Every structure is written in structure tokens, then in C-alpha cells.
Amino acid sequence: MTLKQLWMVATAALVFSMPSMALANEGHVALKHAEIDVSDQAQIQRGLTVFTDVCMGCHSAKYVTYKGLMDYPEIGISREMVDELRGSKPLTSGMISDLSPEDATVSYGKVPPDLSLIVNGRRGGANYVYSVLTGFEHDPSGKVPDGNFNEYFPGNRIAMPDPLSWLDHDASDTAELEKQATDVAAFLAFISDPHQNERRAIGFWVVGFLMLLTVVLYLLKKEVWKDVKH
Amino acid sequence: MLEKMMKTKLFGWIDERTGAEAIIKSQLTEYQVPKNLNYMWNFGSLALLVLVLQIVTGIFLAMYYKPSAAMTYGSYTVAFDSVERIMRDVNFGWLIRYMHAVGASAFFVVVYMHIGRGLYYGSFKGPRELLWIIGVIILLIMQGAAFFGYLLPWGQMSFWGATVITNLFGALPVLGEPVQQLLMGGFSVGDPTLNRFFSLHYLFPLLLAAIVGGHIHALHVVHSNNPTGLDVHAGKSTIPFHPYYTVKDAFGVGVFLTIYTYIVFFNPQMSGYFIEVDNYVPANNLQTPAHIAPVWYLTPWYTILRSFESKLLGVLMMGASLAILFVLPFLDRSKVRSSRYRPVYRQMVFLFFVTVIVLGYCGHSAPTPTLKLIGQLATTYYFAFFLLLPLVNKFEKTKPLPEEI
């Protein structure tokens, strides 16, 4: 074996073994996969309903304004629906929960995090949100009370009480609850980065144009360099 | 096209007052460059491009960004809110911000490639010592600018990254604490820190622009090295920079922009490598994230820091790992530049590249005993590479150099 081959083998061994070493030490549970589509208006609208009916009891999404619910084409609900949702709050107000931080601290021991950026701000993103919503179980060791044990929450003890009543639900409801969890995960994934569909749509043309330009520049380079002898 | 333009009356008028024709000739159309440069020589022009992109996008971001750690609803801050306003409400703010965030990482990618090329082909060796030293200064300022910039969104990683790094200065004897407090503008990272970091984040790119000018000037005095490392400054081994290398650089720019825009438009967080997940969580001085790591481009040096039990020693060694780059041209005593003709150095420099990647990986991961040991071994080789250089030429049998390129 030449020295060069030895290097390549050593490097490859090191590079391939490193991720497994890291994984072995992090001890994360594999998340469930959420079937979301952040350009699916129907799914996002259903997710909005879950969000306003369930999540907003405690959580806010302060960076999403009521006006935004009309203006983002991915949500695009009517003015009447927006008026119904916002009540007396101004159109430009963020979606703020009626539960005050002080009351939340008294009831749950902490302030529920704002959900505007929850998908970007958690490892696993929408899959994490979906997994936590459908991850309430009985604590196998019996230490954590029912409703506070979550298979996917880091440390397993979660302050959020089972919002979709996943624990001990009837088997016939599984599909419906999973759908609600998926829909709200899609909504939250959308509001984490509300220009993402526009971004991908524009990106297709930008990258396409640059690929063509690069080919042209390559041909130009070849033409200019054709007299240079190597 | 350029010759035609230079014959116009307007150009003549300008030329009389600026000497523009002489500059264009000496720096472009008659500036001689070796004809055998490979694509590794494209990264210099790419670095310049990214610097300009960063400055331009940064100027627009600064029009909307507000450097204040004052609290807003839900434990957010004015700074964090202003970044989200850019992302959501400012027309194409998301594009400018993602370009800037991805640009920071892209800057380090091209600059690390540029430095790697200089190491491999011996571009740092005489007569290019000063050119290399100016380059090291540019690297340090870049790292500073990136570090200051990362604090600005005031997310968890911004806050705790700044806390960890400003604390490092506190480990230094005597001057440590005053310097740390001067950096933070108080006794902990807070609103004054954010304000001065914003100010410095705006200052450093201006310094960069000036020093990059010096880097290019120094290059044009000593001329480009080439893959053979032979001295070629004129004759049939060289070609004028324009049009040959302008068009080759333009092609490189095309390739670069294609990859860069692909990331900007389709994966701007680069799965947490370019914008970390934790930085979407607002800064909270009462809650330390489970795992604090700097952004990928600073992680090799972070591993060197963590490889020592004593904090002071770690800080000093981290400083030494960067400072040693300054003396590299004087450590390497071989008369041959390019690795092509230096079998021993070639293996050493390959291993050095692998080492830096390993160091980066270790610094990015949560610390474990195994990774710590690997990091320590890598740190040892990082320094060994430099310290062995003065000895290498004593036994290295270099291959015969070609007569011409």
C-alpha cells in the first residue's frame, strides 16, 4: 500500500466513523414524520383553525398579524373570518393569546413559548411539533403524572398539558388527531418563514438563469483561451 | 471593447486627469499572469465578490435593523423583532437577510479554499511573505466581523456565543478583565454589548475593504504564484490578466453564484450550519442552551481552545494557532515552493487539511471523551505541522523542477 492510499483509507475511516460517534452520544428519540405541504392552502387553513381553537388558548404567534392571514396567499382567509378571529384587536396586531404571561406562570409554572418561529427554532422542525403533539404517553416509570410525560420532549417532562387529548384517545380517533397535529404543524412551518414558497418559486428562475449564464461563460472562456498553448 | 473605449474623447479627458490608461494597462491588459493557473486560483476573485456582496446587503439590512436589547412582548427584544420584521414585512428583506447570512459562510468557504491553495502550492514563500501576512490579517478581521455579526439577531446562540467568547478574554492575566469589560460594555453581555458589536460589525468590513486593496496591490508587485511554483513573470509562460483571467474568473463567478443562490433560495439555514436552530429562540440569560458551539467556520479554533484543561492555556494556544500563521513563511525553509515537487510536505499539508476538518467537526459536536481525545490529537498535529517545517527541508528529497511551465 502506498502512503497515499494509506492516507485515503485513514481519512475515510475517520470521516465515516465520526457521525456515528456523535449520534451514539446524543440519545435523541427518532421523530415521527409529518406529511406537511407548506403550499397547501387547505391544509394551512385547517392548521390555522387548530391553532386558533387550541394552541392560542395559551400560545401566541406575535409575528403573524391578523392582516397577514388575509394577505399571505397560502392562508388567504376572508376579511369576515379575520374579523371574527381578531375580535376587538386591530388588524395589524400580532396573534396574541388571551392568557397573560403572569397567569400562565401561575397555572403551568412557565410562560408558553411564542410559536411564530417554533418550527425553525426546534431541531426536527415540523416533525418535532407533530411528534410532541402525538407523543403524550403514560410514564413507564410512573414518576411523571399523566399529561406531563411526552416521549419526544427533551427530558420527557413537559409543562404543556396534552392539547389534542392524545393520551388514552379512542383508536377510532387516531386518524383525526394525527390529521389535526399534521395540519397545525404545516401552519406553524408556514408562519416560521412566510415567504418560503415565494422564495422557492423565484429561486427556480434565479438558479436556472445562472446555470445557463455559467455555460455561456464557460464557452466564452474556451473561446478566449483557445490560442493559449499548454 | 476595452481598447475601443480607451480611444474615446471622454476617456482621453479622464486619462489626462487620472492616468487611468496607465493603470488599466499595468493592472489589467499588460499585467502578466502565469498561463498555467488552475481553478484553485479562482477563489481570490470570489472572495472579493463575496466581500462586496456582504457590504452591499449589509448596508440595506442596517437600514431596518435596530441594535437594542430592550424587551418586547413575549421576552423578545427590539433587535430580534427588527430581524423578523426584515424577514416578514420588508420587501424582499428575506432575500437580503438570507444572502447576508449565507454570504458569511460562503465568505469563509472561499477564503479557506484560497488559504488552502496558498499552503499547497507554497504561495506564502518568498517573495510573497508580506502578501501572505496581509492575508492572515484579513482572516483575523473576517473572523472578528463574523463574530460581531452573529450577535446582532440576539438569539440564544448569539447571546451565549458572545458570552463564551468574551469570557475567554477574561482568562488572560492582568489585562483580561478590563479588556473583557471593555468588549461587553459592562459586566455581562447586554444592550451595550449589542450596540458596540453593531458599530464594530460596520467598521470591520471597511477595514477589510482597505486591507484587501493592500493585498491586491502586494500581489501585483510580486505577481501570482502558479502550480509549479516556478518564477515566471514575463515571456511565453505568461498571459495578460485581461482578457484571459477576467473571463476565467467570470466563469468561476458563474459556478459560485449558482451554488450560492441555490443555498440562499432552497436551504438558507443549511440545516442549521449557516443559521443555527437555537438562534431562532430569543436570547435568554437565565437559560443556557444544552450545547453551545460557534458557527462552523470558527469551530476548528474552538476545539483547540477546549483541548486544554486550563482555560488560560487554551486561550493562549488558540491565539497561538492563529498567530503561527504569521510566521509560516519563515518557518518553511525549502527552496521549492509547490507541493508537486515536495513529497514530504505534500503528505504533511494533506494531513493538515484533514486535521482542520476534524478540528472543525469536534468543535461543532457536543463534547464527549472520545471527541476530546481526537480533538487533542488534531490540535497536536496542527502545531506539529508548523513546528516540523524548519526541519523538513533537511531530509526531504524534492523532485526535479521543470525548465518551464
# chains A, B, ... in the order shown; residues from 1 in each chain; ligands from 1

$ residues_around --residues "A:Arg157" --least-positions-apart "3" --cutoff "7 Å" --atoms "only C-alpha atoms" --output "number ranges by chain"
A: 144, 148-150, 153

$ write_last_selection --atoms "C-alpha atoms" --output "tab-separated table (two decimals), in the first residue's frame"
chain	number	residue	atom	x	y	z
A	144	VAL	CA	-44.26	11.93	35.78
A	148	ASN	CA	-46.90	15.75	31.51
A	149	PHE	CA	-44.98	12.81	30.08
A	150	ASN	CA	-44.01	13.20	26.45
A	153	PHE	CA	-39.90	16.25	24.52

$ select_by_dssp --residues "stretch 56-270 of chain B" --states "helix (DSSP H, G or I)" --output "JSON, numbers by chain"
{"B": [56, 57, 58, 59, 60, 61, 62, 73, 74, 75, 78, 79, 80, 81, 82, 83, 84, 85, 86, 87, 88, 93, 94, 95, 96, 97, 98, 99, 100, 101, 102, 103, 104, 105, 106, 107, 108, 109, 110, 111, 112, 113, 114, 115, 116, 117, 118, 119, 120, 129, 130, 131, 132, 133, 134, 135, 136, 137, 138, 139, 140, 141, 142, 143, 144, 145, 146, 147, 148, 149, 150, 151, 156, 157, 158, 159, 160, 161, 162, 163, 164, 165, 166, 167, 168, 169, 170, 176, 177, 178, 179, 180, 181, 182, 183, 184, 191, 192, 193, 194, 195, 196, 197, 198, 199, 200, 201, 202, 203, 204, 205, 206, 207, 208, 209, 210, 211, 212, 213, 214, 215, 216, 217, 218, 219, 220, 221, 222, 235, 236, 237, 241, 242, 243, 244, 245, 246, 247, 248, 249, 250, 251, 252, 253, 254, 255, 256, 257, 258, 259, 260, 261, 262, 263, 264, 265, 266, 270]}

$ residues_around --residues "B:Gly161" --least-positions-apart "6" --cutoff "10 Å" --atoms "only C-alpha atoms" --output "PyMOL selection string"
chain B and resi 147+150-151+155+167+292-295

$ write_last_selection --atoms "N, CA and C atoms" --output "mmCIF file, in the first residue's frame"
data_model
loop_
_atom_site.group_PDB
_atom_site.id
_atom_site.type_symbol
_atom_site.label_atom_id
_atom_site.label_comp_id
_atom_site.auth_asym_id
_atom_site.auth_seq_id
_atom_site.Cartn_x
_atom_site.Cartn_y
_atom_site.Cartn_z
ATOM 1 N N PHE B 147 -17.976 37.222 13.969
ATOM 2 C CA PHE B 147 -18.352 37.054 15.374
ATOM 3 C C PHE B 147 -19.263 38.192 15.838
ATOM 4 N N TYR B 150 -22.726 37.866 14.313
ATOM 5 C CA TYR B 150 -23.580 36.791 14.799
ATOM 6 C C TYR B 150 -24.344 37.188 16.062
ATOM 7 N N LEU B 151 -23.860 38.215 16.764
ATOM 8 C CA LEU B 151 -24.572 38.643 17.975
ATOM 9 C C LEU B 151 -25.856 39.404 17.616
ATOM 10 N N GLY B 155 -30.331 36.134 19.249
ATOM 11 C CA GLY B 155 -30.923 34.833 19.555
ATOM 12 C C GLY B 155 -30.108 34.157 20.646
ATOM 13 N N ASN B 167 -15.814 35.888 27.506
ATOM 14 C CA ASN B 167 -15.243 35.315 28.729
ATOM 15 C C ASN B 167 -13.809 34.851 28.531
ATOM 16 N N ILE B 292 -23.472 24.711 23.419
ATOM 17 C CA ILE B 292 -23.074 25.961 22.768
ATOM 18 C C ILE B 292 -21.902 25.691 21.849
ATOM 19 N N ALA B 293 -22.057 26.032 20.587
ATOM 20 C CA ALA B 293 -20.939 25.893 19.658
ATOM 21 C C ALA B 293 -20.954 27.097 18.737
ATOM 22 N N PRO B 294 -19.781 27.608 18.380
ATOM 23 C CA PRO B 294 -19.759 28.695 17.416
ATOM 24 C C PRO B 294 -20.191 28.190 16.035
ATOM 25 N N VAL B 295 -20.408 29.110 15.107
ATOM 26 C CA VAL B 295 -20.749 28.708 13.743
ATOM 27 C C VAL B 295 -19.566 27.935 13.153
#

$ closest_residue --among "A:Asn127, A:Thr214, A:Gln196, A:Ser116" --to "chain B" --atoms "only C-alpha atoms"
A:Thr214

$ closest_atom_pairs --of "chain B" --to "chain A" --cutoff "7 Å" --atoms "only C-alpha atoms" --output "JSON lines"
{"residue": "B:Gly74", "atom": "CA", "partner": "A:Asp114", "partner_atom": "CA", "distance": 6.8}
{"residue": "B:Arg88", "atom": "CA", "partner": "A:Pro194", "partner_atom": "CA", "distance": 6.7}
{"residue": "B:Tyr244", "atom": "CA", "partner": "A:Trp225", "partner_atom": "CA", "distance": 6.5}
{"residue": "B:Val247", "atom": "CA", "partner": "A:Lys221", "partner_atom": "CA", "distance": 5.5}
{"residue": "B:Lys248", "atom": "CA", "partner": "A:Lys221", "partner_atom": "CA", "distance": 5.8}
{"residue": "B:Ala250", "atom": "CA", "partner": "A:Leu217", "partner_atom": "CA", "distance": 6.8}
{"residue": "B:Phe251", "atom": "CA", "partner": "A:Leu217", "partner_atom": "CA", "distance": 5.1}
{"residue": "B:Gly254", "atom": "CA", "partner": "A:Thr214", "partner_atom": "CA", "distance": 4.6}
{"residue": "B:Val255", "atom": "CA", "partner": "A:Thr214", "partner_atom": "CA", "distance": 6.1}
{"residue": "B:Thr258", "atom": "CA", "partner": "A:Leu210", "partner_atom": "CA", "distance": 5.5}
{"residue": "B:Thr261", "atom": "CA", "partner": "A:Val207", "partner_atom": "CA", "distance": 6.2}
{"residue": "B:Tyr262", "atom": "CA", "partner": "A:Val207", "partner_atom": "CA", "distance": 6.0}
{"residue": "B:Phe265", "atom": "CA", "partner": "A:Gly203", "partner_atom": "CA", "distance": 5.0}
{"residue": "B:Phe266", "atom": "CA", "partner": "A:Arg200", "partner_atom": "CA", "distance": 6.0}
{"residue": "B:Val277", "atom": "CA", "partner": "A:Gly121", "partner_atom": "CA", "distance": 4.9}
{"residue": "B:Asp278", "atom": "CA", "partner": "A:Gly121", "partner_atom": "CA", "distance": 5.7}
{"residue": "B:Tyr280", "atom": "CA", "partner": "A:Gly121", "partner_atom": "CA", "distance": 4.6}
{"residue": "B:Val281", "atom": "CA", "partner": "A:Gly121", "partner_atom": "CA", "distance": 5.7}
{"residue": "B:Ser365", "atom": "CA", "partner": "A:Ala22", "partner_atom": "CA", "distance": 6.9}

$ closest_residue --among "B:His114, B:Lys372, B:His217, B:Lys397" --to "B:Phe43" --atoms "only C-alpha atoms"
B:His114

$ atom_distance --atom1 "atom CA of B:His242" --atom2 "atom CA of B:Met99"
29.4 Å

$ select_by_dssp --residues "stretch 1-220 of chain A" --states "strand (DSSP E or B)" --output "list in words"
Ala61, Lys62, Tyr63, Val64, Thr65, Gly94, Met95, Phe136, Phe149, Asn150 and Arg157 of chain A

$ residues_around --residues "B:Val179" --least-positions-apart "6" --cutoff "12 Å" --atoms "only C-alpha atoms" --output "PDB file with N, CA and C atoms, in the first residue's frame"
ATOM      1  N   THR B 166     -16.388  36.335  24.874  1.00  0.00           N
ATOM      2  CA  THR B 166     -15.883  37.479  25.648  1.00  0.00           C
ATOM      3  C   THR B 166     -15.277  36.990  26.965  1.00  0.00           C
ATOM      4  N   ASN B 167     -15.814  35.888  27.506  1.00  0.00           N
ATOM      5  CA  ASN B 167     -15.243  35.315  28.729  1.00  0.00           C
ATOM      6  C   ASN B 167     -13.809  34.851  28.531  1.00  0.00           C
ATOM      7  N   LEU B 168     -13.487  34.449  27.299  1.00  0.00           N
ATOM      8  CA  LEU B 168     -12.134  33.972  27.021  1.00  0.00           C
ATOM      9  C   LEU B 168     -11.122  35.053  27.347  1.00  0.00           C
ATOM     10  N   PHE B 169     -11.472  36.295  26.983  1.00  0.00           N
ATOM     11  CA  PHE B 169     -10.533  37.383  27.229  1.00  0.00           C
ATOM     12  C   PHE B 169     -10.309  37.565  28.725  1.00  0.00           C
ATOM     13  N   GLY B 170     -11.344  37.263  29.503  1.00  0.00           N
ATOM     14  CA  GLY B 170     -11.235  37.374  30.956  1.00  0.00           C
ATOM     15  C   GLY B 170     -10.216  36.423  31.545  1.00  0.00           C
ATOM     16  N   ALA B 171      -9.873  35.360  30.799  1.00  0.00           N
ATOM     17  CA  ALA B 171      -8.917  34.382  31.319  1.00  0.00           C
ATOM     18  C   ALA B 171      -7.487  34.907  31.273  1.00  0.00           C
ATOM     19  N   LEU B 172      -7.240  35.922  30.436  1.00  0.00           N
ATOM     20  CA  LEU B 172      -5.875  36.443  30.325  1.00  0.00           C
ATOM     21  C   LEU B 172      -5.485  37.142  31.619  1.00  0.00           C
ATOM     22  N   PRO B 173      -4.205  37.053  32.018  1.00  0.00           N
ATOM     23  CA  PRO B 173      -3.795  37.693  33.264  1.00  0.00           C
ATOM     24  C   PRO B 173      -3.767  39.215  33.141  1.00  0.00           C
ATOM     25  N   GLY B 185     -18.927  46.182  27.460  1.00  0.00           N
ATOM     26  CA  GLY B 185     -19.530  47.441  27.879  1.00  0.00           C
ATOM     27  C   GLY B 185     -20.234  47.293  29.206  1.00  0.00           C
ATOM     28  N   GLY B 186     -19.742  46.392  30.045  1.00  0.00           N
ATOM     29  CA  GLY B 186     -20.364  46.154  31.349  1.00  0.00           C
ATOM     30  C   GLY B 186     -19.853  44.858  31.910  1.00  0.00           C
ATOM     31  N   PHE B 187     -20.623  44.275  32.801  1.00  0.00           N
ATOM     32  CA  PHE B 187     -20.160  43.069  33.467  1.00  0.00           C
ATOM     33  C   PHE B 187     -20.746  41.797  32.864  1.00  0.00           C
TER      34      PHE B 187
END
